[in-house]
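First up is the structure itself, then whatever we jot down about it.
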Amino acid sequence: MKLCRIGFLLLLSATFAGAGSAVHVFKGEISDSQCAMNVHSLSRSHDEMLKKKTFGTDAASCARTCVRRGGVWVLRSGDNVYHLKDQTGVDEFSGQQVVVTGVLDPKTDTIDNIRIEFATRAVVVH
């Protein structure tokens, strides 16, 4: 299984390398653009919304509520916030620590996400 993942990542790297882009691995929390980008949060987190008890009871439910209200799924990694190009199925990871594999467009801080895995299940290739 590990060899399959390594082979898959190498194949993806070769594919995107030919196009001038490199596949990278990013770690962080799946959040929503509204909380992560200070639209209604001063701490770039869900803390204020959870204290008000109007946007959910935890980070996952807060992010889902914000996405339903017009936000989009993002990856918050330290002080960086990356938009996720493919929004399909991201809600499964809402509020969780993840590893995202994809190609970064540094001009827009958008990751063309190929894969998202829970951080505890991810295989890190050195």
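Labeling convention for the structure tokens: chains A, B, ... as they appear, residues from 1 per chain, ligands from 1 in order of appearance.
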Can you pull out the residues contacting Asn113 in chain A? Cut-off 9 Å, using only C-alpha atoms, and skip same-chain residues under 2 positions away; I want them as a count of residues only. 13
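Using only C-alpha atoms, the shortest contact distance between Gln97 in chain A and any of A:Ala119, A:Ala59, A:Val72, A:Cys66 is found at A:Ala119.
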Spatial neighbours of Glu92 in chain A, max dist 12 Å, only C-alpha atoms, sep filter under 4 positions, as a PyMOL selection string: chain A and resi 30-31+60-61+63-64+73+87-88+96-98+116-118
Got time to write the residues from that selection, C-alpha atoms, as a PDB file, in the first residue's frame?
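This is the output file again_39.pdb:
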ATOM      1  CA  ILE A  30      -9.940  22.663   7.051  1.00  0.00           C
ATOM      2  CA  SER A  31     -11.835  25.853   7.808  1.00  0.00           C
ATOM      3  CA  ALA A  60     -16.594  21.593  12.321  1.00  0.00           C
ATOM      4  CA  SER A  61     -20.187  22.788  12.749  1.00  0.00           C
ATOM      5  CA  ALA A  63     -17.233  25.976   9.405  1.00  0.00           C
ATOM      6  CA  ARG A  64     -20.163  24.113   7.845  1.00  0.00           C
ATOM      7  CA  TRP A  73     -13.583  25.741   2.186  1.00  0.00           C
ATOM      8  CA  GLN A  87     -14.528  22.034  -3.007  1.00  0.00           C
ATOM      9  CA  THR A  88     -16.052  18.581  -3.579  1.00  0.00           C
ATOM     10  CA  GLN A  96     -10.073  18.692  11.288  1.00  0.00           C
ATOM     11  CA  GLN A  97      -6.295  18.629  10.982  1.00  0.00           C
ATOM     12  CA  VAL A  98      -5.433  17.384   7.500  1.00  0.00           C
ATOM     13  CA  ILE A 116      -6.997  15.445   1.347  1.00  0.00           C
ATOM     14  CA  GLU A 117      -6.359  13.054   4.223  1.00  0.00           C
ATOM     15  CA  PHE A 118      -6.838  13.273   7.960  1.00  0.00           C
TER      16      PHE A 118
END
Which is closer to Glu29 in chain A than all the others in A:Val81, A:Arg76, A:Ile114, A:Asp109, using only C-alpha atoms? A:Arg76
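Residue nearest Phe26 in chain A within the list A:Leu75, A:Thr57, A:His83, A:Ser94: A:Leu75 [criterion: smallest interatomic distance, only C-alpha atoms].
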A:Thr120, A:Gln34, A:Thr108, A:Ser21 ranked by distance to Thr65 in chain A, top pick (using only C-alpha atoms): A:Gln34
To one decimal place in Å, what is the distance between CA of Ser77 in chain A and CA of Asp58 in chain A? 18.5 Å
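Nearest-residue note for Ala36 in chain A: choosing from A:Gly78, A:Gly89, A:Gly70, A:Gly56, the minimum distance belongs to A:Gly78, counting only C-alpha atoms.
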